[in-house]
>>> print(open('entry_30.pdb').read())   # PDB, C-alpha atoms
ATOM      1  CA  MET A   1     234.428  22.440 -63.358
ATOM      2  CA  LYS A   2     236.452  19.460 -62.268
ATOM      3  CA  ASN A   3     240.131  18.707 -62.808
ATOM      4  CA  PHE A   4     241.277  21.252 -60.282
ATOM      5  CA  GLU A   5     244.950  20.564 -60.927
ATOM      6  CA  ASP A   6     244.647  21.840 -64.502
ATOM      7  CA  ARG A   7     242.612  24.818 -63.309
ATOM      8  CA  LEU A   8     245.283  25.747 -60.757
ATOM      9  CA  LYS A   9     248.164  25.622 -63.261
ATOM     10  CA  GLY A  10     249.677  28.447 -65.229
ATOM     11  CA  GLY A  11     249.891  32.179 -65.015
ATOM     12  CA  HIS A  12     252.207  34.160 -62.803
ATOM     13  CA  PRO A  13     253.338  32.085 -59.808
ATOM     14  CA  ASN A  14     252.338  34.830 -57.359
ATOM     15  CA  SER A  15     248.848  35.209 -58.800
ATOM     16  CA  LEU A  16     245.797  33.375 -57.550
ATOM     17  CA  GLY A  17     244.981  32.042 -60.997
ATOM     18  CA  ASN A  18     241.665  30.195 -60.732
ATOM     19  CA  THR A  19     241.967  29.580 -56.983
ATOM     20  CA  VAL A  20     238.841  31.534 -56.063
ATOM     21  CA  GLU A  21     236.729  29.676 -58.630
ATOM     22  CA  VAL A  22     238.002  26.326 -57.345
ATOM     23  CA  VAL A  23     237.175  27.362 -53.765
ATOM     24  CA  GLU A  24     233.678  28.404 -54.829
ATOM     25  CA  ALA A  25     233.170  25.023 -56.523
ATOM     26  CA  VAL A  26     234.233  23.140 -53.381
ATOM     27  CA  LEU A  27     232.083  25.309 -51.137
ATOM     28  CA  ALA A  28     229.110  24.667 -53.431
ATOM     29  CA  GLU A  29     229.770  20.926 -53.650
ATOM     30  CA  ASN A  30     231.736  19.719 -50.626
ATOM     31  CA  GLY A  31     232.313  16.294 -52.157
ATOM     32  CA  LEU A  32     234.832  17.912 -54.513
ATOM     33  CA  PHE A  33     237.162  18.691 -51.608
ATOM     34  CA  ILE A  34     239.133  15.448 -51.996
ATOM     35  CA  GLU A  35     240.051  16.423 -55.560
ATOM     36  CA  LEU A  36     241.393  19.752 -54.315
ATOM     37  CA  PHE A  37     243.187  18.072 -51.405
ATOM     38  CA  ASN A  38     244.906  15.717 -53.842
ATOM     39  CA  CYS A  39     246.327  18.737 -55.683
ATOM     40  CA  TYR A  40     248.836  18.937 -52.821
ATOM     41  CA  PHE A  41     250.520  15.977 -54.503
ATOM     42  CA  SER A  42     250.925  17.709 -57.865
ATOM     43  CA  GLU A  43     254.397  17.882 -59.358
ATOM     44  CA  ASP A  44     253.708  21.578 -60.021
ATOM     45  CA  GLU A  45     254.737  23.790 -57.083
ATOM     46  CA  VAL A  46     252.398  26.566 -58.251
ATOM     47  CA  VAL A  47     249.476  24.139 -58.025
ATOM     48  CA  ARG A  48     250.559  23.242 -54.481
ATOM     49  CA  LEU A  49     250.867  26.945 -53.567
ATOM     50  CA  ARG A  50     247.377  27.676 -54.870
ATOM     51  CA  THR A  51     246.039  24.568 -53.147
ATOM     52  CA  SER A  52     247.355  25.951 -49.867
ATOM     53  CA  ASN A  53     245.688  29.280 -50.555
ATOM     54  CA  ALA A  54     242.436  27.484 -51.326
ATOM     55  CA  MET A  55     242.667  25.513 -48.062
ATOM     56  CA  LYS A  56     242.901  28.719 -46.018
ATOM     57  CA  ARG A  57     239.924  30.188 -47.840
ATOM     58  CA  ILE A  58     237.824  27.070 -47.331
ATOM     59  CA  CYS A  59     238.820  26.843 -43.666
ATOM     60  CA  LYS A  60     237.705  30.435 -43.106
ATOM     61  CA  SER A  61     234.388  29.877 -44.894
ATOM     62  CA  LYS A  62     233.461  26.306 -44.000
ATOM     63  CA  LYS A  63     235.971  24.821 -41.583
ATOM     64  CA  GLN A  64     234.039  21.577 -41.117
ATOM     65  CA  ILE A  65     235.081  20.442 -44.608
ATOM     66  CA  LEU A  66     238.714  20.247 -43.465
ATOM     67  CA  ILE A  67     238.144  18.585 -40.079
ATOM     68  CA  PRO A  68     238.088  14.965 -41.392
ATOM     69  CA  TYR A  69     241.473  15.674 -43.044
ATOM     70  CA  ILE A  70     243.348  16.916 -39.968
ATOM     71  CA  ASP A  71     245.320  13.668 -39.664
ATOM     72  CA  ARG A  72     246.348  13.877 -43.314
ATOM     73  CA  PHE A  73     247.471  17.495 -42.859
ATOM     74  CA  LEU A  74     249.589  16.307 -39.927
ATOM     75  CA  THR A  75     251.175  13.471 -41.892
ATOM     76  CA  ASP A  76     251.030  13.579 -45.691
ATOM     77  CA  ILE A  77     250.893  17.353 -46.109
ATOM     78  CA  ALA A  78     253.426  18.092 -43.345
ATOM     79  CA  GLU A  79     255.973  16.062 -45.328
ATOM     80  CA  ILE A  80     255.773  18.391 -48.344
ATOM     81  CA  ASP A  81     258.975  20.390 -48.500
ATOM     82  CA  GLN A  82     257.536  23.659 -49.753
ATOM     83  CA  ALA A  83     257.401  26.885 -47.777
ATOM     84  CA  SER A  84     253.820  27.736 -48.764
ATOM     85  CA  THR A  85     252.643  24.375 -47.478
ATOM     86  CA  GLN A  86     254.425  24.822 -44.154
ATOM     87  CA  TRP A  87     253.179  28.347 -43.502
ATOM     88  CA  THR A  88     249.655  27.289 -44.441
ATOM     89  CA  LEU A  89     249.831  24.409 -41.974
ATOM     90  CA  ALA A  90     250.670  26.847 -39.179
ATOM     91  CA  GLN A  91     247.655  28.948 -40.147
ATOM     92  CA  LEU A  92     245.317  25.956 -40.486
ATOM     93  CA  PHE A  93     246.438  24.485 -37.166
ATOM     94  CA  GLY A  94     245.709  27.814 -35.520
ATOM     95  CA  MET A  95     242.251  27.994 -37.093
ATOM     96  CA  MET A  96     241.366  24.364 -36.309
ATOM     97  CA  GLU A  97     242.802  24.106 -32.788
ATOM     98  CA  LYS A  98     239.386  23.689 -31.138
ATOM     99  CA  GLU A  99     238.523  20.820 -33.498
ATOM    100  CA  MET A 100     241.813  18.983 -32.947
ATOM    101  CA  THR A 101     242.401  16.224 -30.411
ATOM    102  CA  GLU A 102     245.182  16.547 -27.847
ATOM    103  CA  LYS A 103     247.238  14.024 -29.836
ATOM    104  CA  GLN A 104     246.751  16.046 -33.028
ATOM    105  CA  ILE A 105     247.756  19.254 -31.249
ATOM    106  CA  GLU A 106     250.924  17.585 -29.968
ATOM    107  CA  GLN A 107     251.756  16.429 -33.482
ATOM    108  CA  ALA A 108     251.086  19.934 -34.859
ATOM    109  CA  LYS A 109     253.388  21.404 -32.198
ATOM    110  CA  LYS A 110     256.136  19.003 -33.232
ATOM    111  CA  ILE A 111     255.813  20.043 -36.883
ATOM    112  CA  MET A 112     255.779  23.750 -36.078
ATOM    113  CA  LYS A 113     258.634  23.510 -33.563
ATOM    114  CA  ASN A 114     260.738  21.868 -36.246
ATOM    115  CA  ASN A 115     259.838  24.631 -38.696
ATOM    116  CA  LEU A 116     260.606  27.377 -36.196
ATOM    117  CA  ALA A 117     263.942  25.798 -35.308
ATOM    118  CA  TYR A 118     265.131  24.893 -38.808
ATOM    119  CA  HIS A 119     263.180  26.688 -41.530
ATOM    120  CA  ASN A 120     264.511  29.881 -43.053
ATOM    121  CA  ASP A 121     261.520  31.146 -45.045
ATOM    122  CA  TRP A 122     260.308  34.396 -43.490
ATOM    123  CA  ILE A 123     256.608  33.615 -43.953
ATOM    124  CA  VAL A 124     256.989  30.135 -42.449
ATOM    125  CA  LEU A 125     258.750  31.690 -39.466
ATOM    126  CA  ASN A 126     256.176  34.460 -39.020
ATOM    127  CA  GLN A 127     253.114  32.228 -39.309
ATOM    128  CA  THR A 128     254.647  29.571 -37.092
ATOM    129  CA  MET A 129     255.572  32.152 -34.451
ATOM    130  CA  ASP A 130     251.970  33.371 -34.436
ATOM    131  CA  THR A 131     250.395  29.984 -33.878
ATOM    132  CA  LEU A 132     252.962  28.679 -31.392
ATOM    133  CA  ALA A 133     252.947  31.917 -29.390
ATOM    134  CA  ASN A 134     249.151  31.830 -29.227
ATOM    135  CA  TRP A 135     249.212  28.217 -28.077
ATOM    136  CA  SER A 136     251.981  28.875 -25.545
ATOM    137  CA  THR A 137     249.800  31.316 -23.606
ATOM    138  CA  LYS A 138     248.127  28.222 -22.130
ATOM    139  CA  ASP A 139     251.020  25.751 -22.398
ATOM    140  CA  LEU A 140     253.935  26.553 -20.090
ATOM    141  CA  ASP A 141     256.198  23.877 -21.595
ATOM    142  CA  LEU A 142     255.670  25.312 -25.058
ATOM    143  CA  LYS A 143     256.240  28.818 -23.702
ATOM    144  CA  ALA A 144     259.562  27.719 -22.179
ATOM    145  CA  TRP A 145     260.535  26.144 -25.494
ATOM    146  CA  ILE A 146     259.545  29.051 -27.741
ATOM    147  CA  LEU A 147     261.060  31.977 -25.820
ATOM    148  CA  PRO A 148     264.718  31.158 -26.678
ATOM    149  CA  HIS A 149     263.723  30.731 -30.331
ATOM    150  CA  LEU A 150     261.929  34.072 -30.277
ATOM    151  CA  GLU A 151     265.030  35.656 -28.736
ATOM    152  CA  ARG A 152     267.153  34.208 -31.544
ATOM    153  CA  LEU A 153     264.711  35.414 -34.190
ATOM    154  CA  SER A 154     264.411  38.868 -32.623
ATOM    155  CA  SER A 155     267.815  39.682 -34.107
ATOM    156  CA  ASP A 156     267.017  38.275 -37.560
ATOM    157  CA  GLU A 157     268.114  40.621 -40.340
ATOM    158  CA  ARG A 158     264.639  40.501 -41.857
ATOM    159  CA  LYS A 159     262.562  43.177 -40.148
ATOM    160  CA  SER A 160     259.295  41.259 -40.445
ATOM    161  CA  VAL A 161     260.816  38.259 -38.660
ATOM    162  CA  SER A 162     262.618  40.219 -35.947
ATOM    163  CA  GLY A 163     259.631  42.500 -35.407
ATOM    164  CA  ARG A 164     257.233  39.567 -35.087
ATOM    165  CA  ALA A 165     259.569  37.781 -32.683
ATOM    166  CA  LYS A 166     259.816  40.892 -30.469
ATOM    167  CA  LYS A 167     256.039  41.292 -30.535
ATOM    168  CA  MET A 168     255.567  37.649 -29.486
ATOM    169  CA  ILE A 169     258.155  37.995 -26.698
ATOM    170  CA  ASN A 170     256.241  41.002 -25.364
ATOM    171  CA  LYS A 171     252.978  39.084 -25.600
ATOM    172  CA  LEU A 172     254.369  36.131 -23.658
ATOM    173  CA  THR A 173     256.328  37.988 -20.999
ATOM    174  CA  GLN A 174     253.800  40.573 -19.855
TER     175      GLN A 174
END
>>> encode(input="entry_30.pdb", output="structure tokens")
Amino acid sequence: MKNFEDRLKGGHPNSLGNTVEVVEAVLAENGLFIELFNCYFSEDEVVRLRTSNAMKRICKSKKQILIPYIDRFLTDIAEIDQASTQWTLAQLFGMMEKEMTEKQIEQAKKIMKNNLAYHNDWIVLNQTMDTLANWSTKDLDLKAWILPHLERLSSDERKSVSGRAKKMINKLTQ
């Protein structure tokens, strides 16, 4: 059941394809994780999307598999210019916060701040708002940084973005 890249190709771009089967294979044999991780570097954006989905599933089931790769998520994966990769990073950073060093958290903040300030994808914005707002409850500098961005996004024409921004403002100002 190897060659994950081929297994993650094809079908409707919004479908999971064989993602669940690939996740099950990695969970059964953790040594296969590197092959899945390397699918982030596929030329096929659908493969990269499904790789991101697989990462979230693995992190929820067996987070320790991802921990040795945190630095690579912060560098190699953060450089991938694809919305699904960026919104997944926000989710993974939120799930792995307790396993990250202070330096890694600072680097994750930098990545997510950039996404919140400059990205336009609604899912990237929503997921990034969630993680940064959660982190800013115990980081006053981050809270001071995020509030003006949340104010800006609270008038976004997309209801999911504006609604999330308003919810996060309420969370942080009560």
>>> residues_around(input="entry_30.pdb", residues="A:Ala108", least_positions_apart="4", cutoff="8 Å", atoms="only C-alpha atoms", output="PDB file with C-alpha atoms, keeping the file's coordinate frame")
ATOM      1  CA  LEU A  74     249.589  16.307 -39.927  1.00  0.00           C
ATOM      2  CA  PHE A  93     246.438  24.485 -37.166  1.00  0.00           C
ATOM      3  CA  GLN A 104     246.751  16.046 -33.028  1.00  0.00           C
ATOM      4  CA  MET A 112     255.779  23.750 -36.078  1.00  0.00           C
TER       5      MET A 112
END
>>> atom_distance(input="entry_30.pdb", atom1="atom CA of A:Ser84", atom2="atom CA of A:Asp141")
27.5 Å
>>> closest_residue(input="entry_30.pdb", among="A:Asn115, A:Gln64, A:Gln82, A:Ser154", to="A:Met96", atoms="all atoms listed in the file")
A:Gln64
>>> atom_distance(input="entry_30.pdb", atom1="atom CA of A:Leu140", atom2="atom CA of A:Asp121")
26.5 Å
>>> atom_distance(input="entry_30.pdb", atom1="atom CA of A:Ala144", atom2="atom CA of A:Thr85")
26.4 Å
>>> closest_atom_pairs(input="entry_30.pdb", of="stretch 50-154 of chain A", to="stretch 25-28 of chain A", cutoff="10 Å", atoms="all atoms listed in the file", output="tab-separated table")
residue	atom	partner	partner_atom	distance
A:Ala54	CA	A:Val26	CA	9.5
A:Arg57	CA	A:Leu27	CA	9.8
A:Ile58	CA	A:Leu27	CA	7.1
A:Ser61	CA	A:Leu27	CA	8.1
A:Lys62	CA	A:Leu27	CA	7.3
A:Ile65	CA	A:Leu27	CA	8.7
>>> write_last_selection(input="entry_30.pdb", atoms="C-alpha atoms", output="compact mmCIF listing (two decimals), in the coordinates of the input")
# COMPACT_ATOMS: atom_id res chain seq x y z
CA ALA A 54 242.44 27.48 -51.33
CA ARG A 57 239.92 30.19 -47.84
CA ILE A 58 237.82 27.07 -47.33
CA SER A 61 234.39 29.88 -44.89
CA LYS A 62 233.46 26.31 -44.00
CA ILE A 65 235.08 20.44 -44.61
>>> closest_atom_pairs(input="entry_30.pdb", of="stretch 3-113 of chain A", to="stretch 125-129 of chain A", cutoff="8 Å", atoms="only C-alpha atoms", output="tab-separated table")
residue	atom	partner	partner_atom	distance
A:Trp87	CA	A:Gln127	CA	5.7
A:Thr88	CA	A:Gln127	CA	7.9
A:Ala90	CA	A:Thr128	CA	5.3
A:Gln91	CA	A:Gln127	CA	6.4
A:Met112	CA	A:Thr128	CA	6.0
>>> closest_residue(input="entry_30.pdb", among="A:Val23, A:Met168, A:Ile111, A:Val161", to="A:Ile146", atoms="all atoms listed in the file")
A:Met168
>>> resolve_selection(input="entry_30.pdb", expression="the PyMOL selection byres ((chain A and resi 13) around 10)", output="PyMOL selection string")
chain A and resi 9-12+14-17+45-47+49-50
>>> write_last_selection(input="entry_30.pdb", atoms="C-alpha atoms", output="PDB file, keeping the file's coordinate frame")
ATOM      1  CA  LYS A   9     248.164  25.622 -63.261  1.00  0.00           C
ATOM      2  CA  GLY A  10     249.677  28.447 -65.229  1.00  0.00           C
ATOM      3  CA  GLY A  11     249.891  32.179 -65.015  1.00  0.00           C
ATOM      4  CA  HIS A  12     252.207  34.160 -62.803  1.00  0.00           C
ATOM      5  CA  ASN A  14     252.338  34.830 -57.359  1.00  0.00           C
ATOM      6  CA  SER A  15     248.848  35.209 -58.800  1.00  0.00           C
ATOM      7  CA  LEU A  16     245.797  33.375 -57.550  1.00  0.00           C
ATOM      8  CA  GLY A  17     244.981  32.042 -60.997  1.00  0.00           C
ATOM      9  CA  GLU A  45     254.737  23.790 -57.083  1.00  0.00           C
ATOM     10  CA  VAL A  46     252.398  26.566 -58.251  1.00  0.00           C
ATOM     11  CA  VAL A  47     249.476  24.139 -58.025  1.00  0.00           C
ATOM     12  CA  LEU A  49     250.867  26.945 -53.567  1.00  0.00           C
ATOM     13  CA  ARG A  50     247.377  27.676 -54.870  1.00  0.00           C
TER      14      ARG A  50
END
